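The file protein25.pdb contains PDB, C-alpha atoms and all ligand atoms:
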MODEL        1
ATOM      1  CA  MET A   1     156.216  81.996 -86.631
ATOM      2  CA  ASN A   2     158.482  79.017 -86.079
ATOM      3  CA  LYS A   3     160.330  79.092 -82.789
ATOM      4  CA  ILE A   4     163.997  78.220 -82.725
ATOM      5  CA  ILE A   5     165.384  77.264 -79.351
ATOM      6  CA  CYS A   6     168.601  76.163 -77.694
ATOM      7  CA  PRO A   7     168.482  72.372 -77.160
ATOM      8  CA  LYS A   8     169.922  72.797 -73.664
ATOM      9  CA  CYS A   9     168.443  75.886 -72.000
ATOM     10  CA  GLN A  10     165.420  76.238 -74.351
ATOM     11  CA  ALA A  11     166.145  79.945 -74.828
ATOM     12  CA  VAL A  12     164.326  81.359 -77.833
ATOM     13  CA  LEU A  13     166.995  82.257 -80.364
ATOM     14  CA  ASN A  14     164.837  84.021 -82.961
ATOM     15  CA  PRO A  15     163.299  87.147 -81.427
ATOM     16  CA  GLN A  16     162.299  88.272 -84.917
ATOM     17  CA  ASN A  17     163.169  86.853 -88.312
ATOM     18  CA  ASN A  18     166.724  85.971 -87.474
ATOM     19  CA  VAL A  19     168.397  83.371 -85.305
ATOM     20  CA  ILE A  20     171.069  84.884 -83.053
ATOM     21  CA  LEU A  21     174.080  82.730 -82.284
ATOM     22  CA  SER A  22     177.417  83.343 -80.603
ATOM     23  CA  ALA A  23     180.243  82.480 -82.951
ATOM     24  CA  LEU A  24     183.867  81.750 -82.115
ATOM     25  CA  LYS A  25     186.365  82.004 -84.927
ATOM     26  CA  LYS A  26     189.549  79.949 -85.239
ATOM     27  CA  ASP A  27     191.624  82.980 -84.269
ATOM     28  CA  GLY A  28     189.773  83.246 -80.942
ATOM     29  CA  GLU A  29     187.570  86.190 -81.889
ATOM     30  CA  TRP A  30     183.971  86.104 -80.649
ATOM     31  CA  GLY A  31     180.981  87.726 -82.252
ATOM     32  CA  LEU A  32     177.259  87.443 -82.713
ATOM     33  CA  ILE A  33     175.777  86.476 -86.036
ATOM     34  CA  LEU A  34     172.277  86.460 -87.396
ATOM     35  CA  LEU A  35     170.970  83.650 -89.564
ATOM     36  CA  SER A  36     167.693  83.743 -91.370
ATOM     37  CA  ALA A  37     165.057  81.783 -89.469
ATOM     38  CA  LYS A  38     163.456  80.754 -92.740
ATOM     39  CA  LEU A  39     164.320  77.237 -93.871
ATOM     40  CA  GLY A  40     166.117  77.326 -97.179
ATOM     41  CA  ASP A  41     167.313  80.907 -96.720
ATOM     42  CA  TYR A  42     171.052  80.705 -96.133
ATOM     43  CA  SER A  43     171.797  84.362 -95.585
ATOM     44  CA  VAL A  44     174.091  85.212 -92.711
ATOM     45  CA  ASN A  45     174.484  88.654 -91.225
ATOM     46  CA  ASN A  46     177.481  89.716 -89.271
ATOM     47  CA  HIS A  47     178.980  93.060 -88.395
ATOM     48  CA  GLU A  48     181.472  94.334 -90.966
ATOM     49  CA  SER A  49     184.254  94.101 -88.371
ATOM     50  CA  PHE A  50     183.478  90.454 -87.610
ATOM     51  CA  VAL A  51     184.525  88.881 -90.861
ATOM     52  CA  ILE A  52     184.058  85.185 -91.464
ATOM     53  CA  ALA A  53     185.978  84.206 -94.569
ATOM     54  CA  GLU A  54     184.535  81.688 -96.998
ATOM     55  CA  GLY A  55     185.626  78.214 -95.867
ATOM     56  CA  ASP A  56     186.483  79.324 -92.325
ATOM     57  CA  ALA A  57     185.208  77.059 -89.586
ATOM     58  CA  VAL A  58     183.474  78.740 -86.678
ATOM     59  CA  LYS A  59     182.012  77.233 -83.534
ATOM     60  CA  PHE A  60     178.480  78.160 -82.634
ATOM     61  CA  TYR A  61     177.373  78.646 -79.049
ATOM     62  CA  CYS A  62     174.051  79.466 -77.475
ATOM     63  CA  PRO A  63     174.066  83.195 -76.678
ATOM     64  CA  ALA A  64     172.044  82.515 -73.509
ATOM     65  CA  CYS A  65     173.779  79.539 -71.820
ATOM     66  CA  HIS A  66     176.971  79.322 -73.914
ATOM     67  CA  ILE A  67     176.715  75.592 -74.573
ATOM     68  CA  ASN A  68     178.664  74.447 -77.633
ATOM     69  CA  LEU A  69     175.912  73.640 -80.118
ATOM     70  CA  SER A  70     178.100  71.008 -81.800
ATOM     71  CA  ASP A  71     177.278  68.862 -78.767
ATOM     72  CA  PHE A  72     173.813  68.468 -80.300
ATOM     73  CA  ALA A  73     174.989  67.534 -83.789
ATOM     74  CA  PRO A  74     176.339  64.269 -85.215
ATOM     75  CA  ASN A  75     179.752  65.802 -85.863
ATOM     76  CA  LYS A  76     181.779  68.839 -84.870
ATOM     77  CA  HIS A  77     181.290  70.528 -88.242
ATOM     78  CA  LEU A  78     177.616  70.947 -87.532
ATOM     79  CA  ALA A  79     175.702  72.738 -84.813
ATOM     80  CA  GLY A  80     172.289  71.577 -83.673
ATOM     81  CA  ILE A  81     169.394  73.821 -82.722
ATOM     82  CA  GLU A  82     165.746  72.950 -82.270
ATOM     83  CA  LEU A  83     162.844  74.202 -84.307
ATOM     84  CA  ILE A  84     159.300  74.160 -83.009
ATOM     85  CA  ASP A  85     156.880  74.825 -85.816
ATOM     86  CA  VAL A  86     153.442  76.369 -85.572
ATOM     87  CA  ASP A  87     151.958  72.867 -85.021
ATOM     88  CA  LYS A  88     154.291  72.511 -81.993
ATOM     89  CA  THR A  89     156.265  69.774 -83.734
ATOM     90  CA  LYS A  90     159.855  69.803 -82.538
ATOM     91  CA  LYS A  91     162.753  68.852 -84.773
ATOM     92  CA  THR A  92     166.486  69.339 -84.658
ATOM     93  CA  ILE A  93     168.049  71.288 -87.468
ATOM     94  CA  PHE A  94     171.734  71.411 -88.234
ATOM     95  CA  ILE A  95     173.849  74.361 -89.240
ATOM     96  CA  SER A  96     177.164  73.954 -90.987
ATOM     97  CA  SER A  97     179.959  75.611 -89.073
ATOM     98  CA  VAL A  98     181.953  76.166 -92.250
ATOM     99  CA  ALA A  99     181.227  79.554 -93.778
ATOM    100  CA  GLY A 100     179.939  79.349 -97.315
ATOM    101  CA  GLU A 101     178.348  75.934 -96.865
ATOM    102  CA  ASN A 102     174.624  75.809 -96.696
ATOM    103  CA  LEU A 103     173.206  76.406 -93.280
ATOM    104  CA  PHE A 104     170.203  74.375 -92.123
TER     105      PHE A 104
HETATM  106 ZN    ZN A 201     171.228  77.689 -74.319
ENDMDL
END
The structure given in the file should be rewritten as structure tokens.
Amino acid sequence: MNKIICPKCQAVLNPQNNVILSALKKDGEWGLILLSAKLGDYSVNNHESFVIAEGDAVKFYCPACHINLSDFAPNKHLAGIELIDVDKTKKTIFISSVAGENLF
């Protein structure tokens, strides 16, 4: 299975088939979300009480070291995480921080 890690602390962010990220909404509410670890699968899972409206911008943080993952992306609307594939090739992938836009 591909390994997805934090670019700063190298914490593994996908214990199973999902990537776990801390998310901060514009209104200051924090929550954890799950993204599919499969490239091309844009499903997002969040608790029913942690609602991210379509078009809302959220900031993504590493759940282990709390670094703002936008620091690893070319602009603040993206978050960067690293993917290490089964061949141990490392590449940075970018997640849109605007709900409803394609992730990865
Ligand atoms: Zn980290």
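Taken over the whole file, the PyMOL selection byres (((chain A and resi 44) around 8) and not hetatm) covers exactly Ile33, Leu34, Leu35, Ser36, Tyr42, Ser43, Asn45 and Asn46 of chain A.
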field: the PyMOL selection byres (((not hetatm)) within 9 of (chain A and resi 201)) applied to the shown file, residues as a list in words
entry: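 Expected selection for the PyMOL selection byres (((not hetatm)) within 9 of (chain A and resi 201)) here is Ile5, Cys6, Pro7, Lys8, Cys9, Gln10, Ala11, Val12, Leu13, Tyr61, Cys62, Pro63, Ala64, Cys65, His66, Ile67, Asn68 and Leu69 of chain A.
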Kindly compute an axis-aligned box around the listed atoms of region 7-22 of chain A, allowing 6 Å on each side, and express its centre and edge lengths in Å to one decimal as JSON.
{"center_x": 169.9, "center_y": 80.3, "center_z": -80.2, "size_x": 27.1, "size_y": 27.9, "size_z": 28.3}
- request: Fewer than 6 positions away in the same chain doesn't count, so skip those; otherwise give me all residues within 7 Å of Ile84 (chain A), counting all atoms listed in the file, as a list of chain:residue names.
  value: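 After dropping sequence-adjacent residues, the list is A:Asn2, A:Lys3, A:Ile4, A:Lys90, A:Lys91.
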message: Can you tell me which residues surround Ser96 (chain A) at a distance of at most 12 Å, considering all atoms listed in the file, apart from same-chain residues fewer than 3 positions away, and format the answer as a VMD selection string?
response: chain A and resid 35 42 44 55 to 60 69 to 70 73 to 81 93 99 to 104
message: Just checking: using only C-alpha atoms, which residue out of A:Gly40, A:Met1, A:Ile52, A:Ala23 ends up closest to Leu83 (chain A)?
response: A:Met1
- request: Kindly give the distance, in Å, that separates CA of Asp87 (chain A) and CA of Ser22 (chain A), rounded to a single decimal.
  value: 27.9 Å
message: Nearest residue to Val19 (chain A) out of A:Val51, A:Phe72, A:Ile95, A:Val86, using only C-alpha atoms?
response: A:Ile95
task: Figure out the distance between CA of Asp27 (chain A) and CA of Leu39 (chain A), please, to one decimal in Å.
output: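 Computed distance, CA of Leu39 (chain A) to CA of Asp27 (chain A), equals 29.5 Å.
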